[in-house]
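Asks: My structure is in upload.pdb, and what it holds is PDB, C-alpha atoms:
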ATOM      1  CA  MET A   1     194.692 128.243  -8.700
ATOM      2  CA  SER A   2     195.355 131.926  -8.170
ATOM      3  CA  LEU A   3     194.225 134.630 -10.530
ATOM      4  CA  SER A   4     196.511 137.118 -12.229
ATOM      5  CA  VAL A   5     195.174 140.142 -14.083
ATOM      6  CA  THR A   6     197.480 142.495 -15.960
ATOM      7  CA  VAL A   7     196.453 145.567 -17.906
ATOM      8  CA  ASP A   8     198.400 147.104 -20.754
ATOM      9  CA  ASN A   9     196.966 149.793 -23.006
ATOM     10  CA  GLY A  10     193.382 148.502 -23.080
ATOM     11  CA  VAL A  11     194.315 144.807 -23.075
ATOM     12  CA  VAL A  12     193.317 142.941 -19.922
ATOM     13  CA  ARG A  13     195.209 139.634 -19.715
ATOM     14  CA  VAL A  14     193.729 137.103 -17.317
ATOM     15  CA  THR A  15     195.602 134.039 -16.094
ATOM     16  CA  GLY A  16     194.110 131.339 -13.881
ATOM     17  CA  GLU A  17     190.633 130.244 -12.903
ATOM     18  CA  VAL A  18     188.000 132.951 -12.492
ATOM     19  CA  ASP A  19     185.458 132.160  -9.796
ATOM     20  CA  VAL A  20     183.470 133.734  -6.990
ATOM     21  CA  SER A  21     186.553 133.900  -4.754
ATOM     22  CA  ASN A  22     188.519 136.200  -7.078
ATOM     23  CA  ALA A  23     186.075 137.752  -9.561
ATOM     24  CA  ASP A  24     186.355 141.120  -7.790
ATOM     25  CA  GLU A  25     189.961 141.399  -8.977
ATOM     26  CA  LEU A  26     188.805 141.076 -12.588
ATOM     27  CA  ARG A  27     185.902 143.463 -11.971
ATOM     28  CA  SER A  28     188.276 146.102 -10.564
ATOM     29  CA  ALA A  29     190.689 145.823 -13.498
ATOM     30  CA  LEU A  30     187.894 146.152 -16.062
ATOM     31  CA  ALA A  31     186.259 149.058 -14.233
ATOM     32  CA  GLY A  32     189.637 150.787 -13.982
ATOM     33  CA  GLU A  33     190.163 150.594 -17.730
ATOM     34  CA  LEU A  34     186.646 151.820 -18.468
ATOM     35  CA  GLU A  35     186.911 154.702 -16.011
ATOM     36  CA  ALA A  36     190.368 155.653 -17.306
ATOM     37  CA  GLY A  37     188.803 156.501 -20.652
ATOM     38  CA  ALA A  38     190.079 153.604 -22.749
ATOM     39  CA  ALA A  39     188.752 153.701 -26.312
ATOM     40  CA  SER A  40     188.583 149.924 -26.362
ATOM     41  CA  VAL A  41     188.951 147.056 -23.926
ATOM     42  CA  SER A  42     190.087 143.612 -25.008
ATOM     43  CA  VAL A  43     189.958 140.783 -22.451
ATOM     44  CA  ASP A  44     192.426 137.996 -23.259
ATOM     45  CA  LEU A  45     191.204 134.692 -21.775
ATOM     46  CA  SER A  46     193.778 132.450 -23.471
ATOM     47  CA  GLU A  47     195.213 131.462 -20.065
ATOM     48  CA  VAL A  48     191.857 130.894 -18.330
ATOM     49  CA  PRO A  49     190.943 127.190 -18.111
ATOM     50  CA  TYR A  50     187.766 127.788 -16.072
ATOM     51  CA  ILE A  51     185.302 130.587 -15.432
ATOM     52  CA  ASP A  52     182.190 130.323 -13.266
ATOM     53  CA  SER A  53     178.928 132.224 -13.454
ATOM     54  CA  THR A  54     180.276 135.020 -11.260
ATOM     55  CA  GLY A  55     183.182 135.604 -13.644
ATOM     56  CA  ILE A  56     180.870 135.529 -16.631
ATOM     57  CA  GLY A  57     178.626 138.036 -14.879
ATOM     58  CA  VAL A  58     181.635 140.330 -14.416
ATOM     59  CA  LEU A  59     182.398 140.151 -18.148
ATOM     60  CA  VAL A  60     178.779 140.791 -19.170
ATOM     61  CA  GLY A  61     178.498 143.701 -16.722
ATOM     62  CA  ALA A  62     181.699 145.222 -18.079
ATOM     63  CA  ALA A  63     180.494 144.780 -21.661
ATOM     64  CA  HIS A  64     177.251 146.600 -20.854
ATOM     65  CA  HIS A  65     179.141 149.354 -19.028
ATOM     66  CA  ALA A  66     181.466 149.708 -22.028
ATOM     67  CA  ALA A  67     178.482 149.967 -24.389
ATOM     68  CA  GLU A  68     176.970 152.723 -22.232
ATOM     69  CA  LYS A  69     180.251 154.647 -22.470
ATOM     70  CA  GLY A  70     180.672 154.035 -26.213
ATOM     71  CA  VAL A  71     183.769 151.883 -25.635
ATOM     72  CA  SER A  72     184.535 148.883 -27.832
ATOM     73  CA  PHE A  73     184.638 145.675 -25.736
ATOM     74  CA  GLU A  74     185.694 142.184 -26.754
ATOM     75  CA  VAL A  75     186.772 138.878 -25.272
ATOM     76  CA  VAL A  76     189.593 137.268 -27.226
ATOM     77  CA  ARG A  77     191.142 133.818 -27.452
ATOM     78  CA  PRO A  78     189.050 131.968 -24.855
ATOM     79  CA  GLN A  79     190.116 128.379 -24.297
ATOM     80  CA  LYS A  80     187.805 125.848 -25.946
ATOM     81  CA  ASN A  81     185.893 124.906 -22.796
ATOM     82  CA  VAL A  82     185.444 128.560 -21.777
ATOM     83  CA  ALA A  83     184.221 129.477 -25.280
ATOM     84  CA  ARG A  84     181.777 126.571 -25.118
ATOM     85  CA  VAL A  85     180.303 127.795 -21.812
ATOM     86  CA  LEU A  86     179.984 131.351 -23.146
ATOM     87  CA  GLY A  87     178.178 129.975 -26.208
ATOM     88  CA  LEU A  88     175.855 127.757 -24.163
ATOM     89  CA  LEU A  89     174.901 130.696 -21.977
ATOM     90  CA  GLY A  90     174.226 132.841 -25.035
ATOM     91  CA  VAL A  91     176.580 135.653 -24.075
ATOM     92  CA  SER A  92     179.132 135.327 -26.888
ATOM     93  CA  ALA A  93     177.500 138.085 -28.926
ATOM     94  CA  ASP A  94     177.257 140.441 -25.917
ATOM     95  CA  LEU A  95     180.949 139.870 -25.237
ATOM     96  CA  ASN A  96     182.033 140.111 -28.905
ATOM     97  CA  VAL A  97     183.967 136.862 -28.511
ATOM     98  CA  ARG A  98     186.812 136.516 -30.998
ATOM     99  CA  GLU A  99     188.589 133.183 -30.999
ATOM    100  CA  ALA A 100     191.747 134.203 -32.830
TER     101      ALA A 100
END
Turn the structure described in the file into structure tokens.

Replies:
Amino acid sequence: MSLSVTVDNGVVRVTGEVDVSNADELRSALAGELEAGAASVSVDLSEVPYIDSTGIGVLVGAAHHAAEKGVSFEVVRPQKNVARVLGLLGVSADLNVREA
């Protein structure tokens, strides 16, 4: 499945599976928002059925980069299986996961 990433006023909407083959696209979108001076970045994962460790690493790296810049960062509406993986890996707090 291909990945689609759209950015609109600090909201990064991700559609498709995030894995090692396409994680750079997500990384670039997040870095672009952070470097553009966004006051907050919200990553909408409602259309992501699967994310691998590379994708999770991209999210954690972006969250840390946001914290260094004083930018609010959150992951919103992850699908149930994605939220479960984030919880099992213990990164939900780092990513400020919000389910609704």

Asks: As an exercise, work out the distance from CA of Glu25 (chain A) to CA of Thr54 (chain A) in Å and give it to one decimal place.

Replies: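 About the pair CA of Glu25 (chain A) and CA of Thr54 (chain A): they are 11.8 Å apart.
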
Asks: Quick one, how far is CA of Val82 (chain A) from CA of Thr6 (chain A)?

Replies: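 Going from CA of Val82 (chain A) over to CA of Thr6 (chain A), I get 19.3 Å.
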
Asks: Identify all residues satisfying the PyMOL selection byres ((chain A and resi 37) around 12) in the given file; provide them as a VMD selection string.

Replies: chain A and resid 9 to 10 30 to 36 38 to 41 66 69 to 72

Asks: Would you save the residues from that selection as a CSV table (one decimal), keeping the file's coordinate frame, using C-alpha atoms?

Replies:
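Output file selection.csv is given in full below:
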chain,number,residue,atom,x,y,z
A,9,ASN,CA,197.0,149.8,-23.0
A,10,GLY,CA,193.4,148.5,-23.1
A,30,LEU,CA,187.9,146.2,-16.1
A,31,ALA,CA,186.3,149.1,-14.2
A,32,GLY,CA,189.6,150.8,-14.0
A,33,GLU,CA,190.2,150.6,-17.7
A,34,LEU,CA,186.6,151.8,-18.5
A,35,GLU,CA,186.9,154.7,-16.0
A,36,ALA,CA,190.4,155.7,-17.3
A,38,ALA,CA,190.1,153.6,-22.7
A,39,ALA,CA,188.8,153.7,-26.3
A,40,SER,CA,188.6,149.9,-26.4
A,41,VAL,CA,189.0,147.1,-23.9
A,66,ALA,CA,181.5,149.7,-22.0
A,69,LYS,CA,180.3,154.6,-22.5
A,70,GLY,CA,180.7,154.0,-26.2
A,71,VAL,CA,183.8,151.9,-25.6
A,72,SER,CA,184.5,148.9,-27.8

Asks: Given the choices A:Arg27, A:Arg13, A:Lys80, A:Arg98, which gets closest to Val60 (chain A) if the distance is worked out from all atoms listed in the file?

Replies: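 So, comparing all the options, the nearest one is A:Arg27.
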
Asks: Measuring between all atoms listed in the file, which one of A:Ser28, A:Gln79, A:Asn22, A:Ser4 shows the shortest distance to Pro49 (chain A)?

Replies: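 Distance minimum relative to Pro49 (chain A) lands on A:Gln79.
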
Asks: Using all atoms listed in the file, determine which residues lie at most 12 Å from Val91 (chain A), disregarding the query and same-chain residues fewer than 5 positions distant; provide the list as an NGL selection string.

Replies: :A and (53 or 56-61 or 63-64 or 74-75 or 82-86 or 96-97)

Asks: What is the CA of Asp52 (chain A)-CA of His65 (chain A) distance in Å, reported with one decimal?

Replies: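 Result for CA of Asp52 (chain A) versus CA of His65 (chain A): 20.1 Å, one decimal.
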
Asks: Could you check the closest approach to Asp19 (chain A) for each of A:Leu88, A:Val5, A:Ile51, A:Val43 and tell me which residue wins, using only C-alpha atoms?

Replies: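 Closest to Asp19 (chain A) of all the choices is A:Ile51.
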
Asks: Residues near Leu45 (chain A), anyone? I mean within 6 Å using only C-alpha atoms, not counting same-chain ones fewer than 3 positions away, as number ranges by chain.

Replies: A: 14, 48, 77-78

Asks: Put those residues in a file: C-alpha atoms, as a PDB file, in the coordinates of the input.

Replies:
ATOM      1  CA  VAL A  14     193.729 137.103 -17.317  1.00  0.00           C
ATOM      2  CA  VAL A  48     191.857 130.894 -18.330  1.00  0.00           C
ATOM      3  CA  ARG A  77     191.142 133.818 -27.452  1.00  0.00           C
ATOM      4  CA  PRO A  78     189.050 131.968 -24.855  1.00  0.00           C
TER       5      PRO A  78
END

Asks: I'd like the box whose edges run along x, y and z of the file and which contains every listed atom of region 28-41 of chain A, padded by 6 Å per side; could you state its centre and edge lengths in Å, one decimal, as lines of an AutoDock Vina configuration file?

Replies:
center_x = 188.5
center_y = 151.2
center_z = -18.5
size_x = 16.4
size_y = 22.7
size_z = 27.8

Asks: Of the candidates A:Asn81, A:Asp44, A:Asp24, A:Leu95, which shows the shortest atom-to-atom distance to Val12 (chain A), using all atoms listed in the file?

Replies: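 Of A:Asn81, A:Asp44, A:Asp24, A:Leu95, the one nearest Val12 (chain A) is A:Asp44, counting all atoms listed in the file.
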
Asks: Identify, on the basis of all atoms listed in the file, every residue whose closest approach to Gly55 (chain A) does not exceed 8 Å; exclude the query and any residue fewer than 6 positions from it along the same chain; express the result as number ranges by chain.

Replies: A: 18-20, 23, 26

Asks: Starting from the incomplete input, reconstruct N, CA and C atoms of region 9-41 of chain A and write that as a CSV table (one decimal), keeping the file's coordinate frame.

Replies:
chain,number,residue,atom,x,y,z
A,9,ASN,N,197.5,149.0,-21.9
A,9,ASN,CA,197.0,149.8,-23.0
A,9,ASN,C,195.7,149.2,-23.5
A,10,GLY,N,194.7,149.0,-22.7
A,10,GLY,CA,193.4,148.5,-23.1
A,10,GLY,C,193.3,147.0,-23.2
A,11,VAL,N,194.4,146.3,-23.0
A,11,VAL,CA,194.3,144.8,-23.1
A,11,VAL,C,194.4,144.3,-21.7
A,12,VAL,N,193.4,143.5,-21.3
A,12,VAL,CA,193.3,142.9,-19.9
A,12,VAL,C,193.6,141.5,-20.1
A,13,ARG,N,194.8,141.0,-19.6
A,13,ARG,CA,195.2,139.6,-19.7
A,13,ARG,C,194.9,138.9,-18.4
A,14,VAL,N,194.2,137.8,-18.5
A,14,VAL,CA,193.7,137.1,-17.3
A,14,VAL,C,194.4,135.7,-17.4
A,15,THR,N,195.0,135.3,-16.2
A,15,THR,CA,195.6,134.0,-16.1
A,15,THR,C,195.1,133.3,-14.8
A,16,GLY,N,194.6,132.1,-15.0
A,16,GLY,CA,194.1,131.3,-13.9
A,16,GLY,C,192.6,131.1,-14.0
A,17,GLU,N,192.1,130.5,-13.0
A,17,GLU,CA,190.6,130.2,-12.9
A,17,GLU,C,189.9,131.5,-12.3
A,18,VAL,N,188.8,131.8,-13.0
A,18,VAL,CA,188.0,133.0,-12.5
A,18,VAL,C,186.8,132.4,-11.8
A,19,ASP,N,186.6,132.7,-10.5
A,19,ASP,CA,185.5,132.2,-9.8
A,19,ASP,C,185.0,133.2,-8.7
A,20,VAL,N,184.0,132.8,-8.0
A,20,VAL,CA,183.5,133.7,-7.0
A,20,VAL,C,184.5,134.3,-6.0
A,21,SER,N,185.6,133.5,-5.7
A,21,SER,CA,186.6,133.9,-4.8
A,21,SER,C,187.5,135.0,-5.3
A,22,ASN,N,187.6,135.2,-6.6
A,22,ASN,CA,188.5,136.2,-7.1
A,22,ASN,C,188.0,137.1,-8.2
A,23,ALA,N,186.7,137.0,-8.5
A,23,ALA,CA,186.1,137.8,-9.6
A,23,ALA,C,186.2,139.3,-9.3
A,24,ASP,N,186.2,139.7,-8.1
A,24,ASP,CA,186.4,141.1,-7.8
A,24,ASP,C,187.6,141.7,-8.4
A,25,GLU,N,188.7,140.9,-8.4
A,25,GLU,CA,190.0,141.4,-9.0
A,25,GLU,C,189.8,141.7,-10.5
A,26,LEU,N,189.1,140.8,-11.2
A,26,LEU,CA,188.8,141.1,-12.6
A,26,LEU,C,187.9,142.3,-12.8
A,27,ARG,N,186.8,142.3,-11.9
A,27,ARG,CA,185.9,143.5,-12.0
A,27,ARG,C,186.6,144.8,-11.8
A,28,SER,N,187.5,144.9,-10.8
A,28,SER,CA,188.3,146.1,-10.6
A,28,SER,C,189.2,146.5,-11.7
A,29,ALA,N,189.8,145.5,-12.4
A,29,ALA,CA,190.7,145.8,-13.5
A,29,ALA,C,189.9,146.4,-14.7
A,30,LEU,N,188.7,145.7,-14.9
A,30,LEU,CA,187.9,146.2,-16.1
A,30,LEU,C,187.3,147.5,-15.8
A,31,ALA,N,186.8,147.8,-14.6
A,31,ALA,CA,186.3,149.1,-14.2
A,31,ALA,C,187.3,150.1,-14.3
A,32,GLY,N,188.5,149.8,-13.9
A,32,GLY,CA,189.6,150.8,-14.0
A,32,GLY,C,189.9,151.2,-15.4
A,33,GLU,N,189.9,150.3,-16.3
A,33,GLU,CA,190.2,150.6,-17.7
A,33,GLU,C,189.0,151.4,-18.3
A,34,LEU,N,187.8,151.1,-18.0
A,34,LEU,CA,186.6,151.8,-18.5
A,34,LEU,C,186.6,153.2,-17.9
A,35,GLU,N,186.9,153.4,-16.6
A,35,GLU,CA,186.9,154.7,-16.0
A,35,GLU,C,188.1,155.6,-16.4
A,36,ALA,N,189.2,154.9,-16.9
A,36,ALA,CA,190.4,155.7,-17.3
A,36,ALA,C,190.2,156.3,-18.7
A,37,GLY,N,189.1,155.9,-19.3
A,37,GLY,CA,188.8,156.5,-20.7
A,37,GLY,C,189.4,155.7,-21.8
A,38,ALA,N,189.6,154.4,-21.6
A,38,ALA,CA,190.1,153.6,-22.7
A,38,ALA,C,189.1,153.6,-23.9
A,39,ALA,N,189.6,153.7,-25.1
A,39,ALA,CA,188.8,153.7,-26.3
A,39,ALA,C,188.2,152.3,-26.6
A,40,SER,N,189.0,151.3,-26.2
A,40,SER,CA,188.6,149.9,-26.4
A,40,SER,C,189.2,149.1,-25.2
A,41,VAL,N,188.5,148.0,-24.9
A,41,VAL,CA,189.0,147.1,-23.9
A,41,VAL,C,188.9,145.7,-24.5
